[in-house]
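Structure file target.cif (mmCIF, C-alpha atoms) is printed below.
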data_target
loop_
_atom_site.group_PDB
_atom_site.id
_atom_site.type_symbol
_atom_site.label_atom_id
_atom_site.label_comp_id
_atom_site.auth_asym_id
_atom_site.auth_seq_id
_atom_site.Cartn_x
_atom_site.Cartn_y
_atom_site.Cartn_z
ATOM 1 C CA MET A 1 -14.714 11.510 -19.940
ATOM 2 C CA THR A 2 -13.209 9.181 -17.368
ATOM 3 C CA ARG A 3 -15.760 7.388 -15.266
ATOM 4 C CA SER A 4 -15.255 6.618 -11.620
ATOM 5 C CA LEU A 5 -15.360 3.198 -10.052
ATOM 6 C CA ALA A 6 -18.537 2.372 -8.202
ATOM 7 C CA PHE A 7 -19.415 -1.276 -7.855
ATOM 8 C CA PRO A 8 -19.576 -4.011 -5.232
ATOM 9 C CA LEU A 9 -16.746 -6.558 -5.416
ATOM 10 C CA PRO A 10 -17.714 -9.281 -2.937
ATOM 11 C CA LEU A 11 -15.340 -11.964 -4.292
ATOM 12 C CA ALA A 12 -12.138 -9.916 -4.282
ATOM 13 C CA SER A 13 -10.243 -10.417 -1.039
ATOM 14 C CA LEU A 14 -8.635 -7.013 -0.507
ATOM 15 C CA ALA A 15 -7.802 -7.039 3.188
ATOM 16 C CA LEU A 16 -6.453 -4.424 5.548
ATOM 17 C CA LEU A 17 -3.578 -5.907 7.472
ATOM 18 C CA GLY A 18 -3.152 -6.436 11.183
ATOM 19 C CA LEU A 19 -3.086 -8.771 14.117
ATOM 20 C CA THR A 20 -6.065 -10.910 14.991
ATOM 21 C CA ALA A 21 -6.727 -12.522 18.357
ATOM 22 C CA CYS A 22 -7.932 -16.027 19.038
ATOM 23 C CA ALA A 23 -11.262 -16.755 20.647
ATOM 24 C CA THR A 24 -11.562 -17.296 24.380
ATOM 25 C CA ALA A 25 -11.393 -20.955 25.332
ATOM 26 C CA PRO A 26 -14.036 -22.533 27.585
ATOM 27 C CA GLY A 27 -13.355 -22.082 31.262
ATOM 28 C CA GLU A 28 -11.052 -19.107 30.885
ATOM 29 C CA GLY A 29 -13.548 -16.626 32.294
ATOM 30 C CA GLY A 30 -13.686 -18.360 35.651
ATOM 31 C CA ASP A 31 -9.916 -18.574 35.923
ATOM 32 C CA LEU A 32 -9.537 -14.876 35.204
ATOM 33 C CA ALA A 33 -12.271 -13.952 37.662
ATOM 34 C CA ALA A 34 -10.447 -15.855 40.387
ATOM 35 C CA ALA A 35 -7.168 -14.147 39.551
ATOM 36 C CA GLU A 36 -8.767 -10.707 39.659
ATOM 37 C CA THR A 37 -9.868 -11.268 43.251
ATOM 38 C CA ALA A 38 -6.251 -11.511 44.359
ATOM 39 C CA ASN A 39 -5.292 -9.837 47.623
ATOM 40 C CA PRO A 40 -4.470 -6.188 46.812
ATOM 41 C CA ASP A 41 -2.085 -6.081 49.815
ATOM 42 C CA VAL A 42 0.273 -8.542 48.105
ATOM 43 C CA ALA A 43 3.326 -6.827 46.625
ATOM 44 C CA LEU A 44 3.524 -6.324 42.884
ATOM 45 C CA ALA A 45 5.728 -8.763 41.005
ATOM 46 C CA ASP A 46 9.219 -7.569 40.142
ATOM 47 C CA ALA A 47 10.265 -6.671 36.591
ATOM 48 C CA GLU A 48 11.897 -10.041 35.928
ATOM 49 C CA THR A 49 8.770 -11.941 36.950
ATOM 50 C CA ARG A 50 6.594 -9.696 34.797
ATOM 51 C CA GLU A 51 8.827 -10.194 31.775
ATOM 52 C CA ALA A 52 8.729 -13.967 32.261
ATOM 53 C CA ALA A 53 4.927 -13.857 32.467
ATOM 54 C CA ASP A 54 4.769 -12.058 29.121
ATOM 55 C CA ARG A 55 6.510 -15.041 27.538
ATOM 56 C CA ALA A 56 4.005 -17.501 28.980
ATOM 57 C CA PRO A 57 1.127 -19.117 27.030
ATOM 58 C CA PRO A 58 -1.873 -16.793 26.505
ATOM 59 C CA LEU A 59 -4.110 -18.048 29.328
ATOM 60 C CA GLU A 60 -1.266 -18.233 31.832
ATOM 61 C CA ARG A 61 -0.211 -14.734 30.845
ATOM 62 C CA ALA A 62 -3.762 -13.424 31.215
ATOM 63 C CA ASN A 63 -4.119 -14.998 34.670
ATOM 64 C CA PHE A 64 -0.842 -13.481 35.848
ATOM 65 C CA TRP A 65 -1.794 -9.989 34.713
ATOM 66 C CA ALA A 66 -5.294 -10.360 36.131
ATOM 67 C CA GLY A 67 -3.637 -10.777 39.508
ATOM 68 C CA GLU A 68 -1.309 -7.817 38.999
ATOM 69 C CA TYR A 69 -4.223 -5.649 37.874
ATOM 70 C CA ALA A 70 -6.228 -6.661 40.950
ATOM 71 C CA LYS A 71 -3.419 -5.429 43.198
ATOM 72 C CA ASP A 72 -3.632 -1.916 41.720
ATOM 73 C CA PRO A 73 -6.318 -1.231 39.074
ATOM 74 C CA SER A 74 -5.105 2.373 38.837
ATOM 75 C CA ASP A 75 -1.684 1.315 37.528
ATOM 76 C CA PRO A 76 -1.571 2.115 33.779
ATOM 77 C CA GLU A 77 1.167 -0.435 33.068
ATOM 78 C CA ALA A 78 -0.699 -3.281 34.751
ATOM 79 C CA THR A 79 -3.902 -2.283 32.953
ATOM 80 C CA LEU A 80 -2.152 -2.094 29.604
ATOM 81 C CA ARG A 81 -0.409 -5.425 29.926
ATOM 82 C CA PHE A 82 -3.514 -7.114 31.304
ATOM 83 C CA GLY A 83 -5.473 -5.636 28.411
ATOM 84 C CA GLU A 84 -3.001 -6.962 25.847
ATOM 85 C CA ALA A 85 -3.225 -10.395 27.471
ATOM 86 C CA LEU A 86 -7.015 -10.215 27.288
ATOM 87 C CA ARG A 87 -6.827 -9.284 23.603
ATOM 88 C CA ALA A 88 -4.749 -12.404 22.988
ATOM 89 C CA ILE A 89 -7.577 -14.614 24.283
ATOM 90 C CA GLY A 90 -10.369 -12.625 22.660
ATOM 91 C CA SER A 91 -11.850 -10.958 25.773
ATOM 92 C CA PHE A 92 -12.438 -7.625 24.072
ATOM 93 C CA ASP A 93 -15.351 -6.410 26.197
ATOM 94 C CA ARG A 94 -13.223 -6.820 29.306
ATOM 95 C CA VAL A 95 -10.394 -4.887 27.618
ATOM 96 C CA ILE A 96 -12.716 -1.932 27.098
ATOM 97 C CA GLU A 97 -13.961 -2.158 30.674
ATOM 98 C CA ILE A 98 -10.560 -2.075 32.358
ATOM 99 C CA ALA A 99 -9.134 0.545 29.981
ATOM 100 C CA THR A 100 -12.127 2.824 30.578
ATOM 101 C CA GLN A 101 -11.785 2.503 34.348
ATOM 102 C CA THR A 102 -8.076 3.315 34.393
ATOM 103 C CA LEU A 103 -8.485 6.187 31.932
ATOM 104 C CA VAL A 104 -10.668 7.952 34.506
ATOM 105 C CA LEU A 105 -7.476 8.511 36.508
ATOM 106 C CA HIS A 106 -5.115 8.742 33.534
ATOM 107 C CA PRO A 107 -7.146 10.424 30.753
ATOM 108 C CA ASN A 108 -4.069 11.408 28.748
ATOM 109 C CA ASN A 109 -2.538 7.936 28.491
ATOM 110 C CA GLY A 110 -2.255 7.376 24.738
ATOM 111 C CA ALA A 111 -1.390 3.677 25.060
ATOM 112 C CA LEU A 112 -4.620 2.954 26.941
ATOM 113 C CA HIS A 113 -6.686 4.816 24.346
ATOM 114 C CA LEU A 114 -4.947 2.754 21.645
ATOM 115 C CA LEU A 115 -5.699 -0.459 23.534
ATOM 116 C CA LYS A 116 -9.353 0.521 23.883
ATOM 117 C CA GLY A 117 -9.647 1.424 20.211
ATOM 118 C CA ARG A 118 -8.242 -1.903 19.094
ATOM 119 C CA ALA A 119 -10.808 -3.710 21.224
ATOM 120 C CA HIS A 120 -13.621 -1.657 19.680
ATOM 121 C CA MET A 121 -12.343 -2.582 16.219
ATOM 122 C CA ALA A 122 -12.279 -6.268 17.131
ATOM 123 C CA LEU A 123 -15.915 -5.979 18.261
ATOM 124 C CA GLY A 124 -16.970 -4.321 14.995
ATOM 125 C CA GLN A 125 -17.378 -0.848 16.510
ATOM 126 C CA PRO A 126 -15.275 1.382 14.219
ATOM 127 C CA GLU A 127 -17.109 4.586 15.146
ATOM 128 C CA LEU A 128 -16.099 4.152 18.783
ATOM 129 C CA ALA A 129 -12.613 3.096 17.681
ATOM 130 C CA VAL A 130 -12.187 6.354 15.748
ATOM 131 C CA ASN A 131 -12.769 8.314 18.962
ATOM 132 C CA ALA A 132 -10.277 6.198 20.894
ATOM 133 C CA PHE A 133 -7.593 6.382 18.196
ATOM 134 C CA ASN A 134 -8.046 10.142 17.903
ATOM 135 C CA ARG A 135 -7.365 10.392 21.629
ATOM 136 C CA ALA A 136 -4.392 8.048 21.279
ATOM 137 C CA SER A 137 -2.804 10.115 18.514
ATOM 138 C CA SER A 138 -3.418 13.454 20.238
ATOM 139 C CA ASN A 139 -1.886 12.230 23.488
ATOM 140 C CA ASP A 140 0.966 10.305 21.869
ATOM 141 C CA PRO A 141 1.627 12.206 18.624
ATOM 142 C CA MET A 142 4.841 10.352 17.755
ATOM 143 C CA ASN A 143 3.318 6.863 17.952
ATOM 144 C CA PRO A 144 2.808 5.610 14.368
ATOM 145 C CA ALA A 145 0.504 2.808 15.547
ATOM 146 C CA ALA A 146 -2.036 5.369 16.759
ATOM 147 C CA TYR A 147 -2.305 6.898 13.280
ATOM 148 C CA ALA A 148 -2.160 3.539 11.493
ATOM 149 C CA ASN A 149 -5.080 2.223 13.544
ATOM 150 C CA LEU A 150 -6.955 5.496 13.107
ATOM 151 C CA GLY A 151 -6.634 5.025 9.355
ATOM 152 C CA LEU A 152 -8.101 1.530 9.615
ATOM 153 C CA ALA A 153 -11.072 2.738 11.624
ATOM 154 C CA LEU A 154 -11.736 5.693 9.307
ATOM 155 C CA ASP A 155 -11.658 3.410 6.272
ATOM 156 C CA LYS A 156 -14.211 1.158 7.982
ATOM 157 C CA VAL A 157 -16.624 4.074 8.368
ATOM 158 C CA GLY A 158 -16.063 5.208 4.780
ATOM 159 C CA GLN A 159 -13.948 8.305 5.496
ATOM 160 C CA HIS A 160 -11.168 7.381 3.105
ATOM 161 C CA ARG A 161 -9.607 10.823 2.652
ATOM 162 C CA ARG A 162 -9.184 11.239 6.401
ATOM 163 C CA ALA A 163 -7.907 7.667 6.621
ATOM 164 C CA GLN A 164 -5.242 8.432 4.031
ATOM 165 C CA SER A 165 -4.070 11.453 6.015
ATOM 166 C CA ALA A 166 -3.712 9.211 9.077
ATOM 167 C CA TYR A 167 -1.714 6.608 7.149
ATOM 168 C CA GLU A 168 0.510 9.337 5.723
ATOM 169 C CA ARG A 169 1.277 10.607 9.215
ATOM 170 C CA ALA A 170 2.103 7.079 10.416
ATOM 171 C CA LEU A 171 4.466 6.616 7.478
ATOM 172 C CA GLU A 172 6.113 9.986 8.097
ATOM 173 C CA ILE A 173 7.004 8.773 11.588
ATOM 174 C CA ASP A 174 7.977 5.242 10.484
ATOM 175 C CA PRO A 175 8.388 4.752 6.714
ATOM 176 C CA ASP A 176 9.214 1.050 7.152
ATOM 177 C CA ARG A 177 5.696 0.005 8.186
ATOM 178 C CA SER A 178 4.892 -2.223 5.206
ATOM 179 C CA ALA A 179 1.465 -3.229 6.537
ATOM 180 C CA THR A 180 0.510 0.423 6.989
ATOM 181 C CA ARG A 181 1.726 1.244 3.479
ATOM 182 C CA SER A 182 -0.361 -1.625 2.123
ATOM 183 C CA ASN A 183 -3.415 -0.327 3.971
ATOM 184 C CA TYR A 184 -2.714 3.147 2.594
ATOM 185 C CA GLY A 185 -2.665 1.697 -0.906
ATOM 186 C CA LEU A 186 -5.973 -0.072 -0.355
ATOM 187 C CA SER A 187 -7.510 3.121 0.984
ATOM 188 C CA LEU A 188 -6.430 4.912 -2.189
ATOM 189 C CA ALA A 189 -8.059 2.136 -4.200
ATOM 190 C CA LEU A 190 -11.243 2.502 -2.192
ATOM 191 C CA SER A 191 -11.398 6.159 -3.205
ATOM 192 C CA GLY A 192 -10.661 5.372 -6.851
ATOM 193 C CA SER A 193 -6.983 6.419 -7.089
ATOM 194 C CA LEU A 194 -5.735 3.168 -8.557
ATOM 195 C CA ALA A 195 -2.438 4.448 -10.001
ATOM 196 C CA ARG A 196 -1.377 5.802 -6.621
ATOM 197 C CA ALA A 197 -2.703 2.651 -4.935
ATOM 198 C CA GLU A 198 -0.524 0.497 -7.183
ATOM 199 C CA ALA A 199 2.558 2.598 -6.414
ATOM 200 C CA GLU A 200 2.082 2.270 -2.653
ATOM 201 C CA LEU A 201 1.330 -1.443 -2.834
ATOM 202 C CA ARG A 202 4.377 -2.077 -5.021
ATOM 203 C CA ALA A 203 6.507 -0.334 -2.409
ATOM 204 C CA ALA A 204 4.908 -2.389 0.375
ATOM 205 C CA ALA A 205 5.359 -5.649 -1.562
ATOM 206 C CA ALA A 206 9.052 -4.842 -2.106
ATOM 207 C CA ALA A 207 9.722 -4.510 1.623
ATOM 208 C CA PRO A 208 11.792 -7.294 3.240
ATOM 209 C CA ASP A 209 8.934 -8.166 5.604
ATOM 210 C CA ALA A 210 6.216 -8.179 2.938
ATOM 211 C CA THR A 211 3.641 -10.899 3.525
ATOM 212 C CA SER A 212 1.594 -12.969 1.113
ATOM 213 C CA THR A 213 -1.423 -10.825 1.989
ATOM 214 C CA ILE A 214 0.409 -7.671 0.904
ATOM 215 C CA ARG A 215 1.308 -9.304 -2.402
ATOM 216 C CA GLN A 216 -2.285 -10.389 -2.907
ATOM 217 C CA ASN A 217 -3.468 -6.839 -2.257
ATOM 218 C CA LEU A 218 -1.082 -5.651 -4.963
ATOM 219 C CA ALA A 219 -2.279 -8.378 -7.312
ATOM 220 C CA LEU A 220 -5.899 -7.396 -6.902
ATOM 221 C CA VAL A 221 -5.236 -3.715 -7.502
ATOM 222 C CA LEU A 222 -3.294 -4.688 -10.627
ATOM 223 C CA GLY A 223 -6.350 -6.652 -11.659
ATOM 224 C CA LEU A 224 -8.583 -3.674 -11.028
ATOM 225 C CA ARG A 225 -6.356 -1.710 -13.391
ATOM 226 C CA GLY A 226 -6.758 -4.407 -16.041
ATOM 227 C CA ASP A 227 -3.163 -5.676 -15.909
ATOM 228 C CA PHE A 228 -3.992 -9.363 -15.586
ATOM 229 C CA ASP A 229 -0.518 -10.638 -16.529
ATOM 230 C CA ALA A 230 1.050 -8.597 -13.713
ATOM 231 C CA MET A 231 -1.741 -9.752 -11.417
ATOM 232 C CA VAL A 232 -0.886 -13.393 -12.078
ATOM 233 C CA GLU A 233 2.825 -12.731 -11.585
ATOM 234 C CA ALA A 234 2.181 -11.052 -8.238
ATOM 235 C CA SER A 235 -0.051 -13.956 -7.203
ATOM 236 C CA GLN A 236 2.566 -16.678 -7.530
ATOM 237 C CA ASP A 237 2.276 -17.725 -3.883
ATOM 238 C CA ALA A 238 -1.546 -17.772 -3.908
ATOM 239 C CA PRO A 239 -3.672 -20.876 -4.536
ATOM 240 C CA ASP A 240 -4.559 -21.304 -8.210
ATOM 241 C CA ALA A 241 -8.262 -21.255 -7.392
ATOM 242 C CA VAL A 242 -7.957 -17.812 -5.790
ATOM 243 C CA VAL A 243 -6.113 -16.388 -8.784
ATOM 244 C CA GLU A 244 -8.543 -17.902 -11.298
ATOM 245 C CA GLN A 245 -11.572 -16.662 -9.372
ATOM 246 C CA ASN A 246 -10.258 -13.110 -9.104
ATOM 247 C CA ILE A 247 -9.345 -13.010 -12.789
ATOM 248 C CA ALA A 248 -12.814 -14.248 -13.755
ATOM 249 C CA VAL A 249 -14.543 -11.631 -11.627
ATOM 250 C CA LEU A 250 -12.347 -8.789 -12.822
ATOM 251 C CA LYS A 251 -12.626 -9.779 -16.493
ATOM 252 C CA ALA A 252 -16.403 -9.942 -16.189
ATOM 253 C CA LEU A 253 -16.485 -6.452 -14.717
ATOM 254 C CA LYS A 254 -14.142 -5.162 -17.410
ATOM 255 C CA GLY A 255 -16.251 -6.745 -20.123
ATOM 256 C CA ASP A 256 -19.404 -5.121 -18.779
ATOM 257 C CA GLY A 257 -17.771 -1.718 -19.014
ATOM 258 C CA VAL A 258 -18.041 -0.988 -15.292
ATOM 259 C CA LEU A 259 -14.334 -1.292 -14.483
ATOM 260 C CA MET A 260 -12.933 2.145 -15.304
ATOM 261 C CA GLU A 261 -10.433 4.073 -13.272
ATOM 262 C CA SER A 262 -11.299 7.426 -11.786
ATOM 263 C CA ALA A 263 -8.845 10.274 -12.245
ATOM 264 C CA ASP A 264 -6.309 10.627 -9.457
ATOM 265 C CA ARG A 265 -6.382 13.783 -7.360
ATOM 266 C CA SER A 266 -2.752 14.342 -8.369
ATOM 267 C CA GLU A 267 -3.843 14.582 -12.003
ATOM 268 C CA THR A 268 -6.988 16.657 -11.627
ATOM 269 C CA GLY A 269 -6.257 18.757 -8.558
ATOM 270 C CA GLU A 270 -9.739 17.858 -7.349
ATOM 271 C CA ASP A 271 -10.820 15.979 -4.285
ATOM 272 C CA GLN A 272 -14.068 14.259 -3.428
ATOM 273 C CA GLU A 273 -15.784 14.414 -0.100
ATOM 274 C CA ASP A 274 -15.913 11.215 1.914
ATOM 275 C CA GLY A 275 -19.135 9.278 1.739
ATOM 276 C CA ASP A 276 -20.329 10.784 -1.555
ATOM 277 C CA GLY A 277 -20.695 7.399 -3.215
ATOM 278 C CA GLU A 278 -17.911 7.955 -5.766
ATOM 279 C CA GLY A 279 -14.785 5.859 -6.101
ATOM 280 C CA LEU A 280 -14.229 2.147 -5.670
ATOM 281 C CA SER A 281 -16.730 0.322 -3.478
ATOM 282 C CA LEU A 282 -15.528 -2.924 -1.874
ATOM 283 C CA ARG A 283 -18.545 -3.729 0.247
ATOM 284 C CA GLY A 284 -17.884 -6.347 2.871
ATOM 285 C CA ALA A 285 -14.218 -6.717 1.888
ATOM 286 C CA LEU A 286 -12.552 -5.155 4.936
ATOM 287 C CA ASP A 287 -11.596 -7.226 7.952
ATOM 288 C CA ASP A 288 -12.152 -6.214 11.583
ATOM 289 C CA ILE A 289 -8.545 -5.953 12.623
ATOM 290 C CA GLY A 290 -5.911 -3.628 14.015
ATOM 291 C CA VAL A 291 -2.224 -3.218 13.408
ATOM 292 C CA ARG A 292 0.781 -2.988 15.655
#

Just dump the structure as C-alpha cells.
Amino acid sequence: MTRSLAFPLPLASLALLGLTACATAPGEGGDLAAAETANPDVALADAETREAADRAPPLERANFWAGEYAKDPSDPEATLRFGEALRAIGSFDRVIEIATQTLVLHPNNGALHLLKGRAHMALGQPELAVNAFNRASSNDPMNPAAYANLGLALDKVGQHRRAQSAYERALEIDPDRSATRSNYGLSLALSGSLARAEAELRAAAAAPDATSTIRQNLALVLGLRGDFDAMVEASQDAPDAVVEQNIAVLKALKGDGVLMESADRSETGEDQEDGDGEGLSLRGALDDIGVR
C-alpha cells in the first residue's frame, strides 16, 4: 500500500513566491508623521503630480502620499496608494491602521481589503490575512491577486485544499501568473500530490518570466519524487552548495524509507481533510510574503 508523506524538511528551501518589502529606515517615522499633519484645506495634487510621486524613491513617495492622505483620509485612492508606499518601507502596522479606518466608510472596497491582507501576511498574521483576502475576493471577484493571496494565507494556516481552490480560481482568471502556478504546485506538494505538483511546477518553470526561485521549487519537488538527475538539471542556476545539500537531505530521507509519495486525488478519487496530519509536511519552509 502506498504510504503518505509526513516528515519535517527543514533544509529544503521550497518557497512561496511574492514581493517582499524593505525595512523602515531610521528617521522615517518622524518624516511621515510630519507629512500626515498637512493642512487638509490644501487642494489634492493633480494626476500628473501623483503619477510622478509614484516614480519617486520609497521614502519620498511615502511622504508625498502621507500628505495626500492627510488631506482626505476617506479617499480610497489616497489610502490605497499611501498604503502601498508604506508597504515599500516596511510600515505594515500603519498600513493596517489606515486601511481599517477607510474601510469603515468603504466596506466593499476589494483593493483596500487586499492591501490590509498583505500587511497581515507581512506581520506573520495569516489567520487575519485569510479574512481580509476573503473580503477582497468577494468584493472584487475578477481580481486574480485576491485569490492568489488567499491561497498563500490558507497554505500558511495548513488549509491546503482550500488554498488550491483559490489558486485554481486565480489561474482561471489569469493563466499566465507563473508565480501563482508555482505556489499552486507547492501547495499540491504540501498535501502529498507530488505528480500533480511536478506538472504545475514544470508549467510555471517553462513560462517566459520564470524566476530562479520557480526553477528551484521544481527541482526540489523532483527531488522529493526521487528523480535526482532531473533535480540537478533543473538546478543549473543554483549554487553548487545548495544543490548538494538538498540532494544529501533527500537521499537520506529516501534511504530511511520515509520518502514515499501519497496517491493523488486524481488517481484515487479520495480527498483528505485539511489539518489531518497527512501529506507532505514542510515545517518552517514557507515565507511570509504576498504576491501581486

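If you look at CA of Asn183 in chain A and CA of Leu224 in chain A, they are 16.2 Å away from each other.
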
Kindly assemble as a Markdown table a list of the range 37-88 of chain A residues that lie within 9 Å of range 105-115 of chain A, each paired with its nearest atom pair and their distance in Å to one decimal, using all atoms listed in the file, sorted first by chain and then by ascending residue number.
| residue | atom | partner | partner_atom | distance |
| --- | --- | --- | --- | --- |
| A:Ser74 | CA | A:Leu105 | CA | 7.0 |
| A:Pro76 | CA | A:His106 | CA | 7.5 |
| A:Thr79 | CA | A:Leu112 | CA | 8.0 |
| A:Leu80 | CA | A:Leu112 | CA | 6.2 |
| A:Gly83 | CA | A:Leu115 | CA | 7.1 |
| A:Glu84 | CA | A:Leu115 | CA | 7.4 |
| A:Arg87 | CA | A:Leu115 | CA | 8.9 |

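Here the question is which of A:Glu200, A:Asp237, A:Asp155, A:Asp174 gets nearest to Met121 in chain A using all atoms listed in the file, and that residue is A:Asp155.
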
Please give the centre and size of the box around range 166-173 of chain A (axis-aligned, containing every atom listed in the file, 5 Å added per side), with values in Å to one decimal and written as AutoDock Vina command-line options.
--center_x 1.6 --center_y 8.6 --center_z 8.7 --size_x 20.7 --size_y 14.0 --size_z 15.9

Quick one: apply the PyMOL selection byres ((chain A and resi 145) around 9) to the file and drop the selected residues here as a PDB file with C-alpha atoms, keeping the file's coordinate frame.
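The new file out_20.pdb reads:
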ATOM      1  CA  LEU A 114      -4.947   2.754  21.645  1.00  0.00           C
ATOM      2  CA  SER A 137      -2.804  10.115  18.514  1.00  0.00           C
ATOM      3  CA  MET A 142       4.841  10.352  17.755  1.00  0.00           C
ATOM      4  CA  ASN A 143       3.318   6.863  17.952  1.00  0.00           C
ATOM      5  CA  PRO A 144       2.808   5.610  14.368  1.00  0.00           C
ATOM      6  CA  ALA A 146      -2.036   5.369  16.759  1.00  0.00           C
ATOM      7  CA  TYR A 147      -2.305   6.898  13.280  1.00  0.00           C
ATOM      8  CA  ALA A 148      -2.160   3.539  11.493  1.00  0.00           C
ATOM      9  CA  ASN A 149      -5.080   2.223  13.544  1.00  0.00           C
ATOM     10  CA  LEU A 150      -6.955   5.496  13.107  1.00  0.00           C
ATOM     11  CA  ALA A 170       2.103   7.079  10.416  1.00  0.00           C
ATOM     12  CA  THR A 180       0.510   0.423   6.989  1.00  0.00           C
ATOM     13  CA  VAL A 291      -2.224  -3.218  13.408  1.00  0.00           C
ATOM     14  CA  ARG A 292       0.781  -2.988  15.655  1.00  0.00           C
TER      15      ARG A 292
END

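When all atoms listed in the file are used to compute distances to Ala88 in chain A, the closest of the residues A:Asn139, A:Asn63, A:Gln101, A:Gln125 turns out to be A:Asn63.
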
Run the PyMOL selection byres ((chain A and resi 153) around 8) against the file shown and list the residues it catches, as an mmCIF file with C-alpha atoms, in the frame of the given file.
data_model
loop_
_atom_site.group_PDB
_atom_site.id
_atom_site.type_symbol
_atom_site.label_atom_id
_atom_site.label_comp_id
_atom_site.auth_asym_id
_atom_site.auth_seq_id
_atom_site.Cartn_x
_atom_site.Cartn_y
_atom_site.Cartn_z
ATOM 1 C CA MET A 121 -12.343 -2.582 16.219
ATOM 2 C CA PRO A 126 -15.275 1.382 14.219
ATOM 3 C CA GLU A 127 -17.109 4.586 15.146
ATOM 4 C CA ALA A 129 -12.613 3.096 17.681
ATOM 5 C CA VAL A 130 -12.187 6.354 15.748
ATOM 6 C CA ASN A 149 -5.080 2.223 13.544
ATOM 7 C CA LEU A 150 -6.955 5.496 13.107
ATOM 8 C CA GLY A 151 -6.634 5.025 9.355
ATOM 9 C CA LEU A 152 -8.101 1.530 9.615
ATOM 10 C CA LEU A 154 -11.736 5.693 9.307
ATOM 11 C CA ASP A 155 -11.658 3.410 6.272
ATOM 12 C CA LYS A 156 -14.211 1.158 7.982
ATOM 13 C CA VAL A 157 -16.624 4.074 8.368
ATOM 14 C CA ALA A 163 -7.907 7.667 6.621
#

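Residues in contact range of Asp209 in chain A, defined as at most 10 Å between only C-alpha atoms, with sequence neighbours fewer than 5 positions away removed, read Asp176, Arg177, Ser178, Ala179, Ala204 and Ile214 of chain A.
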
Written selection (C-alpha atoms) as a JSON list (two decimals), in the frame of the given file:
[["chain", "number", "residue", "atom", "x", "y", "z"],
["A", 176, "ASP", "CA", 9.21, 1.05, 7.15],
["A", 177, "ARG", "CA", 5.70, 0.00, 8.19],
["A", 178, "SER", "CA", 4.89, -2.22, 5.21],
["A", 179, "ALA", "CA", 1.46, -3.23, 6.54],
["A", 204, "ALA", "CA", 4.91, -2.39, 0.38],
["A", 214, "ILE", "CA", 0.41, -7.67, 0.90]]

If I only have part of range 59-71 of chain A, can you fill in N, CA and C atoms and write it as a compact mmCIF listing (two decimals), in the coordinates of the input?
# COMPACT_ATOMS: atom_id res chain seq x y z
N LEU A 59 -3.26 -17.99 28.14
CA LEU A 59 -4.11 -18.05 29.33
C LEU A 59 -3.30 -17.83 30.60
N GLU A 60 -2.13 -18.42 30.66
CA GLU A 60 -1.27 -18.23 31.83
C GLU A 60 -0.87 -16.76 31.96
N ARG A 61 -0.56 -16.16 30.84
CA ARG A 61 -0.21 -14.73 30.84
C ARG A 61 -1.38 -13.88 31.32
N ALA A 62 -2.58 -14.19 30.82
CA ALA A 62 -3.76 -13.42 31.22
C ALA A 62 -4.04 -13.57 32.71
N ASN A 63 -3.88 -14.78 33.24
CA ASN A 63 -4.12 -15.00 34.67
C ASN A 63 -3.12 -14.23 35.53
N PHE A 64 -1.85 -14.22 35.10
CA PHE A 64 -0.84 -13.48 35.85
C PHE A 64 -1.20 -12.00 35.90
N TRP A 65 -1.53 -11.42 34.74
CA TRP A 65 -1.79 -9.99 34.71
C TRP A 65 -3.13 -9.64 35.34
N ALA A 66 -4.06 -10.59 35.39
CA ALA A 66 -5.29 -10.36 36.13
C ALA A 66 -4.97 -10.14 37.61
N GLY A 67 -4.03 -10.94 38.12
CA GLY A 67 -3.64 -10.78 39.51
C GLY A 67 -2.91 -9.47 39.76
N GLU A 68 -2.02 -9.08 38.85
CA GLU A 68 -1.31 -7.82 39.00
C GLU A 68 -2.28 -6.64 38.93
N TYR A 69 -3.22 -6.72 38.01
CA TYR A 69 -4.22 -5.65 37.87
C TYR A 69 -5.06 -5.53 39.15
N ALA A 70 -5.41 -6.68 39.74
CA ALA A 70 -6.23 -6.66 40.95
C ALA A 70 -5.51 -5.98 42.11
N LYS A 71 -4.19 -6.06 42.12
CA LYS A 71 -3.42 -5.43 43.20
C LYS A 71 -3.49 -3.90 43.11
